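Asks: Dropping a structure here in structure tokens format, bear with me for questions.
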Amino acid sequence: MQHLSQSPTDDGFVQNPYPFYDCARAGGPLFHWRDYGLVCATSATTVGAILRDRRFGREVPPENRKPVPDHLAPFYAVEAHSMLELEPPRHARLRSLVLRAFTSRRIAALAPEIAALSHNLIDAFPAGEFDLLDAFARKLPVIIIARLLGVPEERADDLLAWSNAMVSMYQARRSRATEDAAVAATEAFTAFLRSHVEERRSKPADDLITHLITAEMEGETLSTDELIANCILLLNAGHEATVHTLGNGIKALLENGLGAGVLGPDRIEGTVEEILRYDPPLHLFTRHAYEDVEIAGHTFRRGDEVGCLLAAANRDPKAWDAPGRFDPDRPVKSHLTFGAGLHFCVGAPLARLELQTALPILFDRLPGLAIAEPPRYANLYHFRGLERLGVEPRRVARSP
């Protein structure tokens with residue numbers, strides 16, 4: 001097994017991590033990443049196998065759990081109820097209850113709202129050069145999630161700030177200042193949602209919080225703490241990923257001279273799947289071994305942690321022809337951007353719907369959209385998203 005060093009905060013890596021992934025994969029499906037002290041999987045086969053193997057999971061084995069520092073207690077008190085960090089039987093119970101409220105029918109019904117909001121955001125674009133992330137990619141998913149949950153969309157800026165602060169806990173650049181900001185955001189976000197949950201208990205409405213309150217499975221319901229934690233998860237995970245995917249995807253389309261032609265009804269699904277595969281918003285996702293397991297010739301002992309490099313797997317030449325090329329006409333096939341197995345992303349249908357609805361509208365309304373300055377990726381690893389996407393538009397009026 002190769003042992004490789006690569007700082008995840010080094011700017012060269014932040015701007016383009018794919019050569020490092022290629023180097024790591026060339027030495028085999030597993031390598032030891034010294035900077036993390038972690039064995040990582042790089043191939044599509046190995047990453048997929050680990051994600052689907054029930055002998056691995058997100059929850060830290062009891063004997064490996066470390067005491068939570070006092071200053072982080074509020075943050076991890078919420079994480080303790082998040083289905084993303086749990087395994088069966090509790091994970092199965094929470095996920096089933098959430099899915100009873102987060103139904104495919106409810107998601108599909110959002111398409112007209114996503115389309116109308118896309119048009120409204122485009123109508124409000126400033127004249128001349130502007131940041132498409134601030135004007136479009138950051139606003140659309142957080143407003144849609146706010147509407148879905150049933151919280152005031154006027155608080156979208158607060159939701160965005162809280163989400164960014166909490167998600168920063170999983171970035172390589174994490175510091176004590178990051179931790180303090182995340183705790184403050186957690187406390188504010190929790191108080192905000194708790195007030196809305198209590199309101200919905202007495203005044204039900206047609207929104208996700210109400211449906212989560214009333215969701216039942218064999219007589220069980222979500223506790224208030226579980227409900228709040230998983231509403232936070234839906235916003236943080238779903239919003240963060242969609243913002244980055246919109247930015248990364250629009251960048252890829254513009255840099256390759258592509259626009260409305262690959263976003264028509266007969267091509268939009270393939271284009272969105274290629275955007276998701278080519279430059280995904282989450283690159284590293286970890287699992288813990290629950291027993292001694294041999295994978296790709298390496299024995300993981302109980303308690304060992306393994307890193308699954310989703311972005312490396314998505315560019316595995318054994319799974320994809322010319323994987324470093326952005327090609328919306330590839331035959332649609334499964335990728336690992338949303339994970340796999342028990343923790344496959346609950347919000348994947350909503351993310352796909354937002355991309356498939358918003359991108360054609362954006363490129364139809366702004367056929368002359370062009371990048372105004374070289375885009376740079378932000379220091380967010382193990383996430384991947386742009387600092388800014390400066391563009392110059394050439395708009396057309398909305399169709400009657």
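Every chain in the structure tokens has a letter given in the order shown (A, B, ...), and although residue numbers restart at 1 in each chain, ligands are simply numbered from 1 in the order shown.
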Fewer than 4 positions away in the same chain doesn't count, so skip those; otherwise give me all residues within 9 Å of Ala351 in chain A, counting only C-alpha atoms, as a list in words.
Replies: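 Everything that qualifies: Pro141, Gly238, His239, Ala241, Thr242, Thr245, Gly347, Leu355 and Gln356 of chain A.
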Asks: Write out, as a Markdown table, each residue of range 243-321 of chain A that has an atom at most 10 Å from range 18-40 of chain A, together with the closest pair of atoms and their distance in Å to one decimal, counting only C-alpha atoms, rows going by chain and rising number.
Replies:
```
| residue | atom | partner | partner_atom | distance |
| --- | --- | --- | --- | --- |
| A:Asp279 | CA | A:Tyr18 | CA | 9.6 |
| A:Leu284 | CA | A:Cys40 | CA | 8.9 |
| A:Phe285 | CA | A:Cys40 | CA | 9.6 |
| A:Thr286 | CA | A:Cys40 | CA | 8.7 |
| A:Ile295 | CA | A:Leu30 | CA | 8.9 |
| A:Ala296 | CA | A:Pro29 | CA | 6.8 |
| A:Gly297 | CA | A:Leu30 | CA | 9.0 |
| A:His298 | CA | A:Leu30 | CA | 8.2 |
| A:Phe300 | CA | A:Val39 | CA | 9.2 |
| A:Asp304 | CA | A:Leu38 | CA | 8.8 |
| A:Glu305 | CA | A:Leu38 | CA | 6.8 |
| A:Val306 | CA | A:Val39 | CA | 5.3 |
| A:Gly307 | CA | A:Cys40 | CA | 4.3 |
| A:Cys308 | CA | A:Cys40 | CA | 5.8 |
| A:Leu309 | CA | A:Cys40 | CA | 6.7 |
| A:Ala311 | CA | A:Tyr18 | CA | 8.1 |
| A:Ala312 | CA | A:Tyr21 | CA | 5.5 |
| A:Ala313 | CA | A:Tyr21 | CA | 8.9 |
| A:Arg315 | CA | A:Asp22 | CA | 8.3 |
| A:Asp316 | CA | A:Arg25 | CA | 8.0 |
| A:Pro317 | CA | A:Asp22 | CA | 9.4 |
```
Asks: Running DSSP on the backbone, which parts of range 170-338 of chain A land in strand (DSSP E), as a list in words?
Replies: Leu284, Phe285, Thr286, Arg287, His288, Ala289, Val293, Glu294, Ile295, His298, Thr299, Phe300, Glu305, Val306, Gly307, Cys308 and Leu309 of chain A
Asks: Export N, CA and C atoms of the chosen residues as an mmCIF file, in the first residue's frame?
Replies:
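Produced file selection.cif, reproduced below:
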```cif
data_model
loop_
_atom_site.group_PDB
_atom_site.id
_atom_site.type_symbol
_atom_site.label_atom_id
_atom_site.label_comp_id
_atom_site.auth_asym_id
_atom_site.auth_seq_id
_atom_site.Cartn_x
_atom_site.Cartn_y
_atom_site.Cartn_z
ATOM 1 N N LEU A 284 -14.639 13.471 0.475
ATOM 2 C CA LEU A 284 -14.201 12.458 1.435
ATOM 3 C C LEU A 284 -15.316 12.160 2.424
ATOM 4 N N PHE A 285 -15.634 10.864 2.569
ATOM 5 C CA PHE A 285 -16.669 10.430 3.507
ATOM 6 C C PHE A 285 -16.099 9.217 4.242
ATOM 7 N N THR A 286 -16.200 9.192 5.553
ATOM 8 C CA THR A 286 -15.538 8.148 6.331
ATOM 9 C C THR A 286 -16.506 7.101 6.872
ATOM 10 N N ARG A 287 -15.941 5.923 7.139
ATOM 11 C CA ARG A 287 -16.648 4.820 7.776
ATOM 12 C C ARG A 287 -15.745 4.206 8.846
ATOM 13 N N HIS A 288 -16.371 3.493 9.800
ATOM 14 C CA HIS A 288 -15.651 2.763 10.838
ATOM 15 C C HIS A 288 -15.920 1.266 10.663
ATOM 16 N N ALA A 289 -14.891 0.448 10.864
ATOM 17 C CA ALA A 289 -15.050 -1.000 10.788
ATOM 18 C C ALA A 289 -15.653 -1.517 12.095
ATOM 19 N N VAL A 293 -12.224 -6.885 8.875
ATOM 20 C CA VAL A 293 -12.708 -7.009 7.496
ATOM 21 C C VAL A 293 -11.531 -6.886 6.538
ATOM 22 N N GLU A 294 -11.460 -7.791 5.562
ATOM 23 C CA GLU A 294 -10.431 -7.667 4.529
ATOM 24 C C GLU A 294 -11.040 -7.051 3.278
ATOM 25 N N ILE A 295 -10.471 -5.950 2.830
ATOM 26 C CA ILE A 295 -10.911 -5.251 1.630
ATOM 27 C C ILE A 295 -9.686 -4.979 0.771
ATOM 28 N N HIS A 298 -6.290 -5.640 2.190
ATOM 29 C CA HIS A 298 -5.917 -5.013 3.452
ATOM 30 C C HIS A 298 -6.924 -5.399 4.529
ATOM 31 N N THR A 299 -6.424 -5.744 5.704
ATOM 32 C CA THR A 299 -7.317 -6.088 6.809
ATOM 33 C C THR A 299 -7.561 -4.871 7.695
ATOM 34 N N PHE A 300 -8.803 -4.463 7.756
ATOM 35 C CA PHE A 300 -9.214 -3.409 8.686
ATOM 36 C C PHE A 300 -9.631 -4.081 9.992
ATOM 37 N N GLU A 305 -10.792 3.372 11.031
ATOM 38 C CA GLU A 305 -11.549 4.293 10.186
ATOM 39 C C GLU A 305 -10.996 4.225 8.772
ATOM 40 N N VAL A 306 -11.872 4.322 7.788
ATOM 41 C CA VAL A 306 -11.463 4.307 6.386
ATOM 42 C C VAL A 306 -12.095 5.495 5.675
ATOM 43 N N GLY A 307 -11.316 6.120 4.796
ATOM 44 C CA GLY A 307 -11.816 7.238 4.017
ATOM 45 C C GLY A 307 -12.258 6.775 2.644
ATOM 46 N N CYS A 308 -13.454 7.149 2.247
ATOM 47 C CA CYS A 308 -13.970 6.833 0.912
ATOM 48 C C CYS A 308 -13.888 8.107 0.071
ATOM 49 N N LEU A 309 -13.014 8.096 -0.927
ATOM 50 C CA LEU A 309 -12.816 9.273 -1.778
ATOM 51 C C LEU A 309 -13.795 9.208 -2.942
#
```
Asks: Restricting the calculation to only C-alpha atoms, which member of A:Ile144, A:Leu369, A:Arg376, A:Arg330 is positioned closest to Ile122 in chain A?
Replies: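 Closest residue, counting only C-alpha atoms: A:Leu369.
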Asks: Just the residues within 12 Å of Glu153 in chain A, please, counting only C-alpha atoms, with nothing from its chain fewer than 2 positions along; format it as a ChimeraX atom specification.
Replies: /A:117,139-151,155-160
Asks: Name all residues at most 8 Å from Tyr381 in chain A (count only C-alpha atoms; drop same-chain ones fewer than 4 positions away) and give them as a list in words.
Replies: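 Returned residues: Pro8, Thr9, Val14, Gln171, Ala172, Arg173 and His283 of chain A.
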Asks: Based on the selection just made, write N, CA and C atoms of those residues as an mmCIF file, in the first residue's frame.
Replies:
```cif
data_model
loop_
_atom_site.group_PDB
_atom_site.id
_atom_site.type_symbol
_atom_site.label_atom_id
_atom_site.label_comp_id
_atom_site.auth_asym_id
_atom_site.auth_seq_id
_atom_site.Cartn_x
_atom_site.Cartn_y
_atom_site.Cartn_z
ATOM 1 N N PRO A 8 -4.500 18.825 2.693
ATOM 2 C CA PRO A 8 -5.787 19.139 2.073
ATOM 3 C C PRO A 8 -6.091 20.630 2.028
ATOM 4 N N THR A 9 -5.233 21.443 2.683
ATOM 5 C CA THR A 9 -5.448 22.896 2.633
ATOM 6 C C THR A 9 -4.452 23.594 1.704
ATOM 7 N N VAL A 14 -6.329 22.300 -3.379
ATOM 8 C CA VAL A 14 -7.677 22.866 -3.319
ATOM 9 C C VAL A 14 -8.185 23.188 -4.723
ATOM 10 N N GLN A 171 -14.425 20.601 7.850
ATOM 11 C CA GLN A 171 -13.411 21.049 6.903
ATOM 12 C C GLN A 171 -12.008 20.905 7.498
ATOM 13 N N ALA A 172 -11.040 20.679 6.623
ATOM 14 C CA ALA A 172 -9.661 20.469 7.070
ATOM 15 C C ALA A 172 -9.082 21.709 7.751
ATOM 16 N N ARG A 173 -9.612 22.877 7.438
ATOM 17 C CA ARG A 173 -9.083 24.120 8.023
ATOM 18 C C ARG A 173 -9.698 24.443 9.393
ATOM 19 N N HIS A 283 -16.007 15.252 -1.257
ATOM 20 C CA HIS A 283 -14.937 14.392 -1.757
ATOM 21 C C HIS A 283 -14.566 13.254 -0.819
#
```
Asks: Which residue out of A:His382, A:His3, A:Arg325, A:Arg100 has the minimum interatomic distance to Arg174 in chain A when only C-alpha atoms are used?
Replies: A:His382
Asks: So how far away is CA of Val391 in chain A from CA of Pro374 in chain A, in Å?
Replies: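 Atom-to-atom, CA of Pro374 in chain A to CA of Val391 in chain A, that is 9.8 Å.
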Asks: Write out as a PyMOL selection string each polymer residue whose atoms come within 10 Å of Arg52 in chain A, counting only C-alpha atoms; drop sequence neighbours fewer than 4 positions from it.
Replies: chain A and resi 46-48+56-57+339-344
Asks: Could you save the residues just selected, with all heavy atoms, as a PDB file, in the first residue's frame?
Replies:
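Dumped to selection_8.pdb:
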```pdb
ATOM      1  N   THR A  46     -13.964  -0.349  -4.983  1.00  0.00           N
ATOM      2  CA  THR A  46     -13.651  -0.434  -3.557  1.00  0.00           C
ATOM      3  C   THR A  46     -14.469   0.553  -2.735  1.00  0.00           C
ATOM      4  O   THR A  46     -14.990   0.208  -1.667  1.00  0.00           O
ATOM      5  CB  THR A  46     -12.145  -0.210  -3.322  1.00  0.00           C
ATOM      6  OG1 THR A  46     -11.409  -1.129  -4.136  1.00  0.00           O
ATOM      7  CG2 THR A  46     -11.782  -0.419  -1.876  1.00  0.00           C
ATOM      8  N   VAL A  47     -14.585   1.797  -3.211  1.00  0.00           N
ATOM      9  CA  VAL A  47     -15.401   2.774  -2.495  1.00  0.00           C
ATOM     10  C   VAL A  47     -16.843   2.290  -2.404  1.00  0.00           C
ATOM     11  O   VAL A  47     -17.467   2.327  -1.333  1.00  0.00           O
ATOM     12  CB  VAL A  47     -15.331   4.157  -3.173  1.00  0.00           C
ATOM     13  CG1 VAL A  47     -16.368   5.108  -2.569  1.00  0.00           C
ATOM     14  CG2 VAL A  47     -13.934   4.752  -3.037  1.00  0.00           C
ATOM     15  N   GLY A  48     -17.393   1.820  -3.531  1.00  0.00           N
ATOM     16  CA  GLY A  48     -18.766   1.326  -3.520  1.00  0.00           C
ATOM     17  C   GLY A  48     -18.949   0.147  -2.585  1.00  0.00           C
ATOM     18  O   GLY A  48     -19.957   0.054  -1.871  1.00  0.00           O
ATOM     19  N   PHE A  56     -19.156  -1.948   7.945  1.00  0.00           N
ATOM     20  CA  PHE A  56     -18.651  -0.589   8.126  1.00  0.00           C
ATOM     21  C   PHE A  56     -19.826   0.330   8.401  1.00  0.00           C
ATOM     22  O   PHE A  56     -20.929   0.113   7.894  1.00  0.00           O
ATOM     23  CB  PHE A  56     -17.925  -0.096   6.868  1.00  0.00           C
ATOM     24  CG  PHE A  56     -16.639  -0.797   6.561  1.00  0.00           C
ATOM     25  CD1 PHE A  56     -16.623  -1.912   5.732  1.00  0.00           C
ATOM     26  CD2 PHE A  56     -15.435  -0.342   7.090  1.00  0.00           C
ATOM     27  CE1 PHE A  56     -15.428  -2.558   5.433  1.00  0.00           C
ATOM     28  CE2 PHE A  56     -14.240  -0.982   6.800  1.00  0.00           C
ATOM     29  CZ  PHE A  56     -14.235  -2.096   5.970  1.00  0.00           C
ATOM     30  N   GLY A  57     -19.610   1.382   9.170  1.00  0.00           N
ATOM     31  CA  GLY A  57     -20.688   2.322   9.425  1.00  0.00           C
ATOM     32  C   GLY A  57     -20.174   3.676   9.882  1.00  0.00           C
ATOM     33  O   GLY A  57     -18.980   3.878  10.104  1.00  0.00           O
ATOM     34  N   GLY A 339     -23.223   8.921  -2.383  1.00  0.00           N
ATOM     35  CA  GLY A 339     -22.928   7.790  -1.529  1.00  0.00           C
ATOM     36  C   GLY A 339     -23.594   6.524  -2.041  1.00  0.00           C
ATOM     37  O   GLY A 339     -23.979   6.415  -3.210  1.00  0.00           O
ATOM     38  N   ALA A 340     -23.759   5.552  -1.147  1.00  0.00           N
ATOM     39  CA  ALA A 340     -24.383   4.276  -1.482  1.00  0.00           C
ATOM     40  C   ALA A 340     -24.718   3.565  -0.182  1.00  0.00           C
ATOM     41  O   ALA A 340     -24.200   3.905   0.885  1.00  0.00           O
ATOM     42  CB  ALA A 340     -23.441   3.422  -2.334  1.00  0.00           C
ATOM     43  N   GLY A 341     -25.581   2.579  -0.277  1.00  0.00           N
ATOM     44  CA  GLY A 341     -25.927   1.801   0.911  1.00  0.00           C
ATOM     45  C   GLY A 341     -26.889   2.512   1.839  1.00  0.00           C
ATOM     46  O   GLY A 341     -27.686   3.360   1.413  1.00  0.00           O
ATOM     47  N   LEU A 342     -26.790   2.198   3.119  1.00  0.00           N
ATOM     48  CA  LEU A 342     -27.745   2.711   4.107  1.00  0.00           C
ATOM     49  C   LEU A 342     -27.775   4.228   4.178  1.00  0.00           C
ATOM     50  O   LEU A 342     -28.813   4.822   4.471  1.00  0.00           O
ATOM     51  CB  LEU A 342     -27.395   2.182   5.507  1.00  0.00           C
ATOM     52  CG  LEU A 342     -27.694   0.721   5.818  1.00  0.00           C
ATOM     53  CD1 LEU A 342     -27.263   0.405   7.237  1.00  0.00           C
ATOM     54  CD2 LEU A 342     -29.172   0.419   5.634  1.00  0.00           C
ATOM     55  N   HIS A 343     -26.643   4.856   3.921  1.00  0.00           N
ATOM     56  CA  HIS A 343     -26.554   6.306   4.067  1.00  0.00           C
ATOM     57  C   HIS A 343     -26.632   7.036   2.727  1.00  0.00           C
ATOM     58  O   HIS A 343     -26.193   8.183   2.624  1.00  0.00           O
ATOM     59  CB  HIS A 343     -25.272   6.688   4.808  1.00  0.00           C
ATOM     60  CG  HIS A 343     -25.304   6.330   6.265  1.00  0.00           C
ATOM     61  ND1 HIS A 343     -26.030   7.042   7.192  1.00  0.00           N
ATOM     62  CD2 HIS A 343     -24.724   5.314   6.952  1.00  0.00           C
ATOM     63  CE1 HIS A 343     -25.882   6.498   8.381  1.00  0.00           C
ATOM     64  NE2 HIS A 343     -25.091   5.448   8.260  1.00  0.00           N
ATOM     65  N   PHE A 344     -27.196   6.374   1.702  1.00  0.00           N
ATOM     66  CA  PHE A 344     -27.409   7.084   0.442  1.00  0.00           C
ATOM     67  C   PHE A 344     -28.218   8.339   0.723  1.00  0.00           C
ATOM     68  O   PHE A 344     -29.176   8.328   1.490  1.00  0.00           O
ATOM     69  CB  PHE A 344     -28.159   6.191  -0.553  1.00  0.00           C
ATOM     70  CG  PHE A 344     -28.374   6.836  -1.895  1.00  0.00           C
ATOM     71  CD1 PHE A 344     -27.365   6.839  -2.846  1.00  0.00           C
ATOM     72  CD2 PHE A 344     -29.576   7.460  -2.202  1.00  0.00           C
ATOM     73  CE1 PHE A 344     -27.548   7.437  -4.084  1.00  0.00           C
ATOM     74  CE2 PHE A 344     -29.761   8.060  -3.427  1.00  0.00           C
ATOM     75  CZ  PHE A 344     -28.748   8.057  -4.377  1.00  0.00           C
TER      76      PHE A 344
END
```
Asks: Could you find all residues in range 138-349 of chain A that DSSP calls helix (DSSP H, G or I) from the backbone, and write them as a PyMOL selection string?
Replies: chain A and resi 139-149+153-170+176-202+208-214+224-255+260-262+268-278+310-313+341-343+348-349
Asks: Considering only C-alpha atoms, give me a table of residues in range 159-271 of chain A that are at most 12 Å from range 130-135 of chain A, with the closest atom pair and distance in Å for each, as a tab-separated table.
Replies:
```
residue	atom	partner	partner_atom	distance
A:Leu160	CA	A:Asp134	CA	11.1
A:Glu240	CA	A:Leu133	CA	12.0
A:Thr242	CA	A:Leu133	CA	11.1
A:Val243	CA	A:Leu133	CA	7.6
A:His244	CA	A:Leu133	CA	8.8
A:Thr245	CA	A:Leu133	CA	10.7
A:Leu246	CA	A:Leu133	CA	8.3
A:Gly247	CA	A:Leu133	CA	6.4
A:Asn248	CA	A:Leu133	CA	10.0
A:Gly249	CA	A:Leu133	CA	11.5
A:Ile250	CA	A:Leu132	CA	9.3
A:Lys251	CA	A:Leu132	CA	10.2
```
Asks: Residues within 9 Å of Leu193 in chain A, please, as a short mmCIF file (atom, residue, chain, number, x, y, z; two decimals) with N, CA, C and O atoms, in the first residue's frame. Count only C-alpha atoms; anything in the same chain fewer than 3 positions from it doesn't count.
Replies:
```
data_model
loop_
_atom_site.label_atom_id
_atom_site.label_comp_id
_atom_site.auth_asym_id
_atom_site.auth_seq_id
_atom_site.Cartn_x
_atom_site.Cartn_y
_atom_site.Cartn_z
N VAL A 151 -40.50 27.17 7.28
CA VAL A 151 -39.98 28.27 8.08
C VAL A 151 -39.90 29.51 7.19
O VAL A 151 -39.85 29.40 5.96
N ALA A 188 -28.24 28.83 17.95
CA ALA A 188 -29.22 29.73 17.31
C ALA A 188 -30.18 28.94 16.43
O ALA A 188 -31.40 29.17 16.43
N PHE A 189 -29.63 28.02 15.65
CA PHE A 189 -30.44 27.21 14.73
C PHE A 189 -31.43 26.34 15.53
O PHE A 189 -32.61 26.24 15.19
N THR A 190 -30.96 25.73 16.60
CA THR A 190 -31.81 24.88 17.42
C THR A 190 -32.95 25.67 18.05
O THR A 190 -34.11 25.23 18.05
N HIS A 196 -40.43 26.88 16.04
CA HIS A 196 -41.34 26.52 14.94
C HIS A 196 -41.97 25.15 15.14
O HIS A 196 -43.14 24.95 14.79
N VAL A 197 -41.22 24.23 15.73
CA VAL A 197 -41.80 22.92 16.03
C VAL A 197 -42.94 23.08 17.03
O VAL A 197 -44.02 22.50 16.86
N GLU A 198 -42.73 23.86 18.08
CA GLU A 198 -43.79 24.06 19.08
C GLU A 198 -45.00 24.73 18.46
O GLU A 198 -46.15 24.39 18.77
N ILE A 228 -35.53 18.21 15.33
CA ILE A 228 -34.68 19.38 15.10
C ILE A 228 -33.37 18.97 14.45
O ILE A 228 -32.93 19.57 13.46
N CYS A 231 -33.97 18.05 10.78
CA CYS A 231 -34.27 19.23 9.97
C CYS A 231 -32.97 20.00 9.67
O CYS A 231 -32.75 20.47 8.55
N ILE A 232 -32.11 20.11 10.68
CA ILE A 232 -30.81 20.75 10.48
C ILE A 232 -29.99 19.96 9.46
O ILE A 232 -29.36 20.54 8.56
#
```
Asks: For range 357-364 of chain A, work out the shell of residues within 9 Å, counting only C-alpha atoms and skipping chain neighbours fewer than 5 positions away, then give it as a VMD selection string.
Replies: chain A and resid 111 to 112 114 to 115 117 to 119 122 140 246 250 259 to 260 262 to 265 268 272 352 369 395 to 396
Asks: Please report the interatomic distance between CA of Arg176 in chain A and CA of Asp10 in chain A in Å with one decimal.
Replies: 19.7 Å
Asks: Taking a cut-off of 10 Å and counting only C-alpha atoms, can you build a table that, for each residue of range 144-179 of chain A near range 75-80 of chain A, reports the nearest atom pair and how far apart they are in Å (one decimal), sorted by chain then residue number, as a tab-separated table?
Replies:
```
residue	atom	partner	partner_atom	distance
A:Met166	CA	A:Phe75	CA	8.1
A:Met169	CA	A:Phe75	CA	9.4
A:Glu179	CA	A:Phe75	CA	8.8
```
Asks: Just to confirm, what's the straight-line distance from CA of Arg384 in chain A to CA of Glu274 in chain A in Å (one decimal)?
Replies: 15.9 Å
